[in-house]
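Text of entry-v7.txt, listed as compact mmCIF, C-alpha atoms and all ligand atoms:
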```
# COMPACT_ATOMS: atom_id res chain seq x y z
CA MET A 242 40.69 -1.71 51.64
CA ALA A 243 39.39 1.85 51.16
CA TYR A 244 41.52 5.00 51.52
CA ASN A 245 38.93 7.77 51.00
CA LEU A 246 40.89 8.81 47.91
CA LEU A 247 37.83 10.27 46.20
CA LYS A 248 36.08 11.82 49.19
CA GLY A 249 33.94 14.76 48.04
CA LYS A 250 34.58 14.13 44.33
CA ARG A 251 31.81 13.99 41.74
CA GLY A 252 31.94 11.83 38.64
CA ILE A 253 30.26 10.31 35.61
CA ILE A 254 30.76 6.62 34.79
CA THR A 255 29.81 5.27 31.36
CA GLY A 256 29.66 1.65 30.19
CA ALA A 257 28.51 -0.47 33.17
CA LEU A 258 26.50 -3.20 31.44
CA ASP A 259 26.72 -6.10 33.89
CA GLU A 260 28.87 -7.14 36.82
CA ASN A 261 31.70 -8.25 34.51
CA SER A 262 32.03 -4.76 32.99
CA ILE A 263 35.20 -2.89 33.89
CA ALA A 264 33.02 0.20 34.52
CA TRP A 265 30.93 -1.79 37.03
CA LYS A 266 34.03 -2.45 39.15
CA VAL A 267 35.17 1.17 38.77
CA ALA A 268 31.76 2.33 40.05
CA GLN A 269 31.97 0.02 43.09
CA LYS A 270 35.49 1.25 43.87
CA CYS A 271 34.53 4.93 43.42
CA HIS A 272 31.70 4.37 45.88
CA GLU A 273 34.04 2.70 48.37
CA GLU A 274 36.49 5.60 48.02
CA GLY A 275 33.85 8.19 48.92
CA ALA A 276 32.84 9.62 45.51
CA THR A 277 29.34 10.43 44.31
CA PHE A 278 28.56 9.89 40.64
CA THR A 279 25.97 9.27 37.97
CA LEU A 280 25.85 6.13 35.85
CA THR A 281 25.08 6.15 32.16
CA ASN A 282 24.75 3.75 29.27
CA ALA A 283 23.08 3.56 25.87
CA PRO A 284 19.26 3.47 26.24
CA ILE A 285 19.26 0.01 24.63
CA ALA A 286 21.57 -1.36 27.36
CA MET A 287 19.07 -0.22 30.02
CA ARG A 288 16.64 -2.84 28.83
CA LEU A 289 18.76 -5.55 30.42
CA GLY A 290 18.04 -3.85 33.73
CA GLU A 291 21.28 -4.96 35.36
CA ILE A 292 22.51 -1.40 35.88
CA ASN A 293 19.65 -0.77 38.36
CA LYS A 294 21.36 -3.15 40.81
CA LEU A 295 24.58 -1.15 40.62
CA ALA A 296 22.71 2.15 40.99
CA GLU A 297 21.00 0.85 44.12
CA GLU A 298 24.26 -0.47 45.59
CA THR A 299 26.19 2.78 44.98
CA GLY A 300 23.37 5.32 45.47
CA ALA A 301 23.90 6.61 41.92
CA LYS A 302 21.31 8.06 39.57
CA ILE A 303 21.13 6.52 36.08
CA ILE A 304 20.98 8.94 33.15
CA PRO A 305 20.63 7.13 29.79
CA ALA A 306 22.77 8.58 26.99
CA ASP A 307 23.81 7.29 23.60
CA ALA A 308 27.49 8.17 23.19
CA THR A 309 26.90 9.01 19.52
CA SER A 310 24.44 11.81 20.38
CA ILE A 311 25.62 15.32 21.34
CA GLU A 312 22.12 16.06 22.71
CA ASP A 313 22.19 13.01 25.00
CA ILE A 314 25.68 13.84 26.25
CA THR A 315 24.81 17.48 26.87
CA LYS A 316 21.76 16.40 28.86
CA LEU A 317 23.90 13.87 30.75
CA TYR A 318 26.29 16.58 31.98
CA THR A 319 23.59 19.12 32.79
CA GLU A 320 21.60 16.58 34.78
CA SER A 321 24.70 15.14 36.44
CA MET A 322 25.79 18.56 37.70
CA ASP A 323 22.25 19.16 39.03
CA VAL A 324 22.04 15.80 40.76
CA LEU A 325 25.58 15.88 42.16
CA GLY A 326 25.45 19.55 43.15
CA GLY A 327 28.37 21.01 41.20
CA LYS A 328 31.02 20.57 38.55
CA ILE A 329 32.52 17.19 37.71
CA ASP A 330 35.87 15.87 39.00
CA PHE A 331 36.18 12.63 37.03
CA VAL A 332 34.76 10.92 33.94
CA LEU A 333 35.23 7.32 32.82
CA HIS A 334 34.82 6.55 29.11
CA SER A 335 34.30 2.76 29.01
CA ILE A 336 32.53 2.31 25.69
CA GLY A 337 33.44 -0.04 22.86
CA MET A 338 31.62 -1.91 20.11
CA SER A 339 32.50 -3.10 16.60
CA VAL A 340 29.72 -4.19 14.27
CA ASN A 341 32.29 -5.86 12.00
CA VAL A 342 33.47 -7.99 14.94
CA ARG A 343 29.91 -8.85 15.87
CA ARG A 344 29.03 -9.87 12.31
CA GLY A 345 32.25 -11.80 11.81
CA ASN A 346 33.53 -9.64 8.93
CA HIS A 347 37.23 -10.09 8.30
CA TYR A 348 39.44 -6.99 8.74
CA THR A 349 40.31 -7.01 5.04
CA LEU A 350 36.63 -7.18 4.03
CA GLN A 351 34.88 -4.66 6.23
CA ASP A 352 31.44 -3.28 5.70
CA TYR A 353 32.34 0.43 5.88
CA ASN A 354 28.94 1.42 7.22
CA PHE A 355 29.62 -0.93 10.13
CA THR A 356 33.13 0.51 10.40
CA LYS A 357 31.68 4.03 10.66
CA THR A 358 29.20 2.99 13.34
CA GLY A 359 31.90 1.25 15.39
CA PHE A 360 34.19 4.29 15.05
CA ASP A 361 31.39 6.63 16.09
CA VAL A 362 30.55 4.57 19.18
CA SER A 363 34.03 3.49 20.28
CA ALA A 364 36.34 6.32 19.24
CA LEU A 365 34.63 9.54 18.16
CA SER A 366 32.47 9.32 21.30
CA PHE A 367 35.59 10.10 23.37
CA HIS A 368 36.14 13.35 21.47
CA ARG A 369 32.45 14.14 21.74
CA VAL A 370 32.38 13.50 25.48
CA MET A 371 35.34 15.84 26.04
CA SER A 372 34.12 18.44 23.60
CA VAL A 373 30.85 18.88 25.50
CA LEU A 374 32.63 18.86 28.88
CA TYR A 375 35.06 21.52 27.63
CA LYS A 376 32.43 23.73 26.03
CA LYS A 377 30.14 23.60 29.03
CA ASP A 378 33.10 24.19 31.37
CA ALA A 379 31.73 21.23 33.33
CA MET A 380 34.99 19.98 34.89
CA ASN A 381 36.64 21.23 38.07
CA GLU A 382 40.34 22.15 37.93
CA TRP A 383 42.57 19.09 38.45
CA GLY A 384 39.75 16.89 37.25
CA SER A 385 40.55 13.65 35.43
CA VAL A 386 39.19 11.98 32.31
CA VAL A 387 40.09 8.33 31.65
CA ALA A 388 39.25 6.11 28.68
CA LEU A 389 39.96 2.40 28.29
CA SER A 390 42.13 1.15 25.46
CA TYR A 391 43.91 -1.97 24.25
CA MET A 392 47.42 -2.66 22.95
CA ALA A 393 46.13 -3.48 19.46
CA ALA A 394 46.43 0.31 19.02
CA GLN A 395 50.22 -0.20 18.73
CA ARG A 396 50.75 -3.84 17.76
CA VAL A 397 49.06 -6.35 15.48
CA PHE A 398 46.38 -8.60 16.95
CA PRO A 399 44.69 -9.94 13.79
CA ASP A 400 41.28 -10.74 15.27
CA TYR A 401 40.88 -7.40 17.07
CA ASN A 402 39.75 -6.15 13.66
CA ASP A 403 38.70 -2.50 13.24
CA MET A 404 38.73 -1.99 17.02
CA ALA A 405 42.53 -1.67 16.69
CA ASP A 406 42.06 1.45 14.55
CA ASN A 407 39.39 2.79 16.90
CA LYS A 408 41.76 2.43 19.86
CA ALA A 409 44.59 4.16 17.97
CA TYR A 410 42.26 7.15 17.42
CA LEU A 411 41.10 7.03 21.05
CA GLU A 412 44.68 7.24 22.33
CA SER A 413 45.52 10.04 19.92
CA VAL A 414 42.50 12.05 21.05
CA ALA A 415 43.63 11.66 24.68
CA ARG A 416 46.83 13.50 23.70
CA SER A 417 45.35 16.08 21.36
CA PHE A 418 42.32 17.02 23.46
CA GLY A 419 44.31 16.52 26.65
CA TYR A 420 46.62 19.34 25.56
CA PHE A 421 43.80 21.89 25.34
CA PHE A 422 42.05 20.55 28.44
CA GLY A 423 45.27 20.79 30.44
CA ARG A 424 46.30 24.20 29.14
CA ASP A 425 42.90 25.84 29.49
CA LYS A 426 41.15 24.04 32.35
CA LYS A 427 43.86 22.14 34.29
CA VAL A 428 42.12 18.85 33.50
CA ARG A 429 44.15 15.70 32.82
CA VAL A 430 43.28 13.13 30.15
CA ASN A 431 44.71 9.61 29.94
CA THR A 432 43.96 6.19 28.51
CA ILE A 433 44.54 2.91 30.32
CA SER A 434 45.60 0.06 28.04
CA GLN A 435 44.11 -2.93 29.81
CA SER A 436 44.84 -6.68 29.60
CA PRO A 437 42.25 -8.84 27.82
CA THR A 438 39.39 -9.12 30.32
CA PRO A 439 36.37 -11.48 30.23
CA THR A 440 33.48 -9.04 29.65
CA THR A 441 30.72 -8.81 27.06
CA ALA A 442 32.83 -6.56 24.78
CA GLY A 443 36.02 -8.60 25.31
CA SER A 444 34.45 -12.01 24.71
CA GLY A 445 33.08 -10.79 21.36
CA VAL A 446 36.58 -10.91 19.88
CA LYS A 447 37.20 -14.11 17.85
CA GLY A 448 39.37 -16.64 19.71
CA PHE A 449 39.15 -14.67 22.94
CA ASP A 450 39.91 -17.69 25.18
CA GLY A 451 43.21 -18.30 23.41
CA PHE A 452 43.94 -14.60 23.45
CA ILE A 453 43.52 -14.32 27.21
CA ALA A 454 45.45 -17.54 27.96
CA TYR A 455 48.35 -16.41 25.76
CA ALA A 456 48.55 -12.99 27.48
CA GLU A 457 48.42 -14.70 30.88
CA LYS A 458 51.42 -16.89 29.99
CA MET A 459 53.34 -14.02 28.46
CA SER A 460 52.96 -11.51 31.32
CA PRO A 461 55.32 -11.80 34.30
CA LEU A 462 52.53 -10.68 36.65
CA GLY A 463 49.70 -12.39 34.74
CA ASN A 464 46.70 -10.57 33.23
CA ALA A 465 45.26 -7.59 35.07
CA THR A 466 41.67 -8.22 36.18
CA ALA A 467 38.74 -5.82 35.89
CA LEU A 468 38.96 -5.17 39.63
CA GLU A 469 42.66 -4.34 39.37
CA CYS A 470 41.84 -2.02 36.48
CA ALA A 471 39.33 -0.30 38.74
CA ASP A 472 42.04 0.22 41.39
CA TYR A 473 44.34 1.77 38.81
CA THR A 474 41.55 3.99 37.51
CA ILE A 475 40.87 5.25 41.06
CA SER A 476 44.50 6.30 41.35
CA LEU A 477 44.10 8.37 38.17
CA PHE A 478 40.91 10.01 39.48
CA SER A 479 42.61 10.82 42.80
CA ASP A 480 44.78 13.81 43.71
CA LEU A 481 47.83 11.51 43.86
CA THR A 482 48.34 11.69 40.07
CA LYS A 483 47.71 15.39 39.36
CA LYS A 484 50.51 15.82 36.84
CA VAL A 485 49.89 12.64 34.86
CA THR A 486 48.31 13.59 31.56
CA LEU A 487 48.40 12.84 27.77
CA GLN A 488 49.52 9.30 28.59
CA ASN A 489 48.57 5.86 27.40
CA LEU A 490 49.25 3.78 30.51
CA PHE A 491 49.73 0.04 30.15
CA HIS A 492 47.94 -1.96 32.81
CA ASP A 493 48.76 -5.45 31.64
CA GLY A 494 51.03 -7.32 34.06
CA GLY A 495 54.06 -6.39 31.91
CA PHE A 496 52.77 -7.91 28.63
CA SER A 497 53.54 -4.84 26.50
CA ASN A 498 57.28 -5.00 27.13
CA MET A 499 57.68 -8.75 26.64
CA GLY A 500 59.29 -10.45 23.65
CA VAL A 501 58.68 -14.02 24.73
CA SER A 502 58.30 -15.77 28.09
CA THR A 503 59.73 -19.16 29.10
CA ALA A 504 56.18 -20.53 29.48
CA ILE A 505 55.27 -19.55 25.90
CA MET A 506 58.59 -20.89 24.61
CA GLU A 507 58.06 -24.24 26.35
CA ASP A 508 54.60 -24.53 24.75
CA PHE A 509 56.01 -23.66 21.34
CA MET A 510 58.87 -26.14 21.64
CA LYS A 511 56.45 -29.02 22.35
CA ASP A 512 55.30 -28.98 18.73
CA TYR A 513 58.40 -27.52 17.14
CA LYS A 514 60.47 -29.64 14.78
CA PRO A 515 63.86 -28.43 13.58
CA GLU A 516 63.99 -27.66 9.86
CA GLU A 517 66.08 -30.75 8.94
CA GLU A 518 63.41 -33.06 10.40
CA ILE A 519 60.70 -31.26 8.45
CA ALA A 520 62.86 -31.52 5.35
CA ILE A 521 63.15 -35.30 5.75
CA GLU A 522 59.39 -35.72 6.10
CA GLU A 523 58.34 -33.21 3.46
CA PRO A 524 61.30 -32.01 1.38
CA LYS A 525 59.42 -29.29 -0.56
CA VAL A 526 57.45 -27.68 2.27
CA LYS A 527 59.00 -24.61 3.89
CA ASP A 528 57.97 -23.34 7.31
CA LYS A 529 55.21 -20.76 6.73
CA LYS A 530 54.91 -17.73 9.00
N1 LIG A 601 37.43 -6.64 27.86
C1 LIG A 601 38.64 -6.46 27.36
O1 LIG A 601 39.38 -7.41 27.06
C2 LIG A 601 39.16 -5.05 27.20
C3 LIG A 601 40.55 -4.83 27.12
C4 LIG A 601 41.02 -3.53 26.93
C5 LIG A 601 40.11 -2.48 26.82
N2 LIG A 601 38.76 -2.73 26.91
C6 LIG A 601 37.83 -1.59 26.77
O2 LIG A 601 37.16 -1.40 27.98
C7 LIG A 601 35.95 -0.67 27.70
C8 LIG A 601 34.79 -1.33 28.45
O3 LIG A 601 34.52 -2.60 27.92
P1 LIG A 601 34.26 -3.89 28.82
O4 LIG A 601 35.32 -4.84 28.50
O5 LIG A 601 34.02 -3.51 30.22
O6 LIG A 601 32.92 -4.48 28.13
P2 LIG A 601 31.36 -4.15 28.33
O7 LIG A 601 30.69 -4.82 27.18
O8 LIG A 601 30.92 -4.51 29.68
O9 LIG A 601 31.29 -2.56 28.15
C9 LIG A 601 31.13 -1.90 26.91
C10 LIG A 601 30.05 -0.86 27.12
O10 LIG A 601 29.88 0.00 25.99
C11 LIG A 601 28.50 0.38 26.02
N3 LIG A 601 28.05 0.98 24.77
C12 LIG A 601 28.01 0.37 23.54
N4 LIG A 601 27.46 1.23 22.65
C13 LIG A 601 27.18 2.39 23.32
C14 LIG A 601 26.63 3.64 22.93
N5 LIG A 601 26.22 3.88 21.66
N6 LIG A 601 26.49 4.61 23.88
C15 LIG A 601 26.87 4.39 25.15
N7 LIG A 601 27.41 3.21 25.58
C16 LIG A 601 27.56 2.23 24.66
C17 LIG A 601 27.83 -0.97 26.29
O11 LIG A 601 26.46 -0.84 26.63
C18 LIG A 601 28.68 -1.49 27.41
O12 LIG A 601 28.21 -1.06 28.67
C19 LIG A 601 35.80 -0.65 26.18
O13 LIG A 601 36.29 0.58 25.67
C20 LIG A 601 36.72 -1.79 25.76
O14 LIG A 601 37.17 -1.66 24.42
C21 LIG A 601 38.28 -3.97 27.12
```

Mind converting the file's structure to structure tokens?
Amino acid sequence: MAYNLLKGKRGIITGALDENSIAWKVAQKCHEEGATFTLTNAPIAMRLGEINKLAEETGAKIIPADATSIEDITKLYTESMDVLGGKIDFVLHSIGMSVNVRRGNHYTLQDYNFTKTGFDVSALSFHRVMSVLYKKDAMNEWGSVVALSYMAAQRVFPDYNDMADNKAYLESVARSFGYFFGRDKKVRVNTISQSPTPTTAGSGVKGFDGFIAYAEKMSPLGNATALECADYTISLFSDLTKKVTLQNLFHDGGFSNMGVSTAIMEDFMKDYKPEEEIAIEEPKVKDKK
């Protein structure tokens, strides 16, 4: 159902790679809610050609931009304001990539050149995006900037690797930059901490299937889908959330406040043996954690 929540608003949406991408769903929802916007992705992602389908469906122009390049981002905003006919009301940062994850490097044995590249793409890009917006005075008052994060910024998920550190920086930048953006331009800045979601970036994480099944069993409402994330993002772009800023907002079916669920406990108890039984079988072996 559409509510015209974004009627007359202009935006920029990064990170739509294919129809599984969270940004893809956000673009479809923005279109349904009456917004006009440009789509952007790294030039290399354009080669897959998928984004053309989305552009056609939503009437959006595609402007390639590498999130690590100030020149590309500056051009993206200038062209977007030309195409859309004025300043910007909303921006989605939906960009993430870790070379260490891709190459299977363990967190304790990172290649720091890969770490720097992943940080530049996934984390510093958020500062860069806002810095150019701020300097160019490209946002309308009461505009909204949203970036996507994950709970590994606060808690340990061993296989999330250096992306955990990138997300911690991303969330910090939302607060630090959000202060200046709010004070000087009346623009709000937030991050959404989303459930594990089956996308290209998500599936790259080692053991992702287990990861997603565990979160599903742990969350009272189950995992939030990409489409549900798009709905939530729309609410943050709309005028209904004008005083929400500097927040990291969990969109995860309740996962972040859980200790353990009955479903997870039942699974655990299936294989659990009390210590005395273990002691009888193997007297010298202690339970390792
Ligand atoms: N999938 C999940 O489980 C999950 C959970 C929480 C948060 N997130 C975050 O959501 C965001 C979107 O990821 P997704 O899950 O939709 O996956 P996705 O792979 O569809 O999107 C990631 C996007 O980043 C783009 N990108 C990579 N390098 C770039 C560069 N140099 N310049 C510009 N764009 C570049 C890719 O082309 C791609 O479109 C990411 O920030 C991700 O960390 C994902």

Ligand LIG 601 (chain A) neighbours within 7 Å using only C-alpha atoms and all ligand atoms, as a PyMOL selection string
chain A and resi 255-259+261-264+282-283+286+306-309+335-338+362-363+388-391+434-444

Closest of A:Lys483, A:Lys426, A:Lys316, A:Lys511 to Thr281 in chain A - atom-to-atom distances counting only C-alpha atoms:
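Looking only at the distances to Thr281 in chain A, the closest residue turns out to be A:Lys316.
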
To one decimal in Å, tell me the separation between CA of His347 in chain A and CA of Ala393 in chain A.
15.7 Å

Can you work out which one of A:Arg396, A:Lys458, A:Lys484, A:Lys270 has the shortest atom-to-atom distance to Asn431 in chain A, counting only C-alpha atoms?
A:Lys484

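From CA of Ile285 in chain A back to CA of Phe478 in chain A, the distance works out to 28.1 Å.
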
As a list in words, please: the residues near Leu365 in chain A (cut-off 9 Å, only C-alpha atoms, same-chain neighbours under 4 positions excluded).
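With the cut-off at 9 Å, the set is Ala308, Thr309, Phe360, Asp361, Arg369, Val370, Asn407, Tyr410, Leu411 and Val414 of chain A.
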
Distance in Å - CA of Lys427 in chain A versus CA of Glu469 in chain A:
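That distance, rounded to one decimal, is 27.0 Å.
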
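Closest approach to Tyr348 in chain A from the set A:Gly451, A:Gly252, A:Gly327, A:Pro399 is made by A:Pro399, with distances taken over all atoms listed in the file.
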
Ala409 in chain A surroundings by all atoms listed in the file, 8 Å radius, close-in-sequence under 4 positions cut, as JSON, numbers by chain:
{"A": [393, 394, 395, 405, 413]}

Residues within 10 Å of range 246-250 of chain A, please, as number ranges by chain. Count only C-alpha atoms; anything in the same chain fewer than 6 positions from it doesn't count.
A: 270-278, 325, 327-331, 381, 384, 475-476, 478-481

Within 7 Å of file point (42.5, 25.2, 32.2), counting only C-alpha atoms, expressed as number ranges by chain
A: 382, 422-428

Residue with smallest distance to Asp352 in chain A - pool A:Asn489, A:Ser310, A:Asn293, A:Ser339, counting all atoms listed in the file
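Closest residue, counting all atoms listed in the file: A:Ser339.
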
At a cut-off of 10 Å, using all atoms listed in the file, what residues contact Ser497 in chain A? Leave out same-chain residues fewer than 2 positions from it and give the result as a ChimeraX atom specification.
/A:392,395-396,434,436,456,459-460,491-495,499-500

Nearest to Asn402 in chain A: which of A:Phe355, A:Phe509, A:Phe418, A:Trp383 is it, counting all atoms listed in the file?
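Distance minimum relative to Asn402 in chain A lands on A:Phe355.
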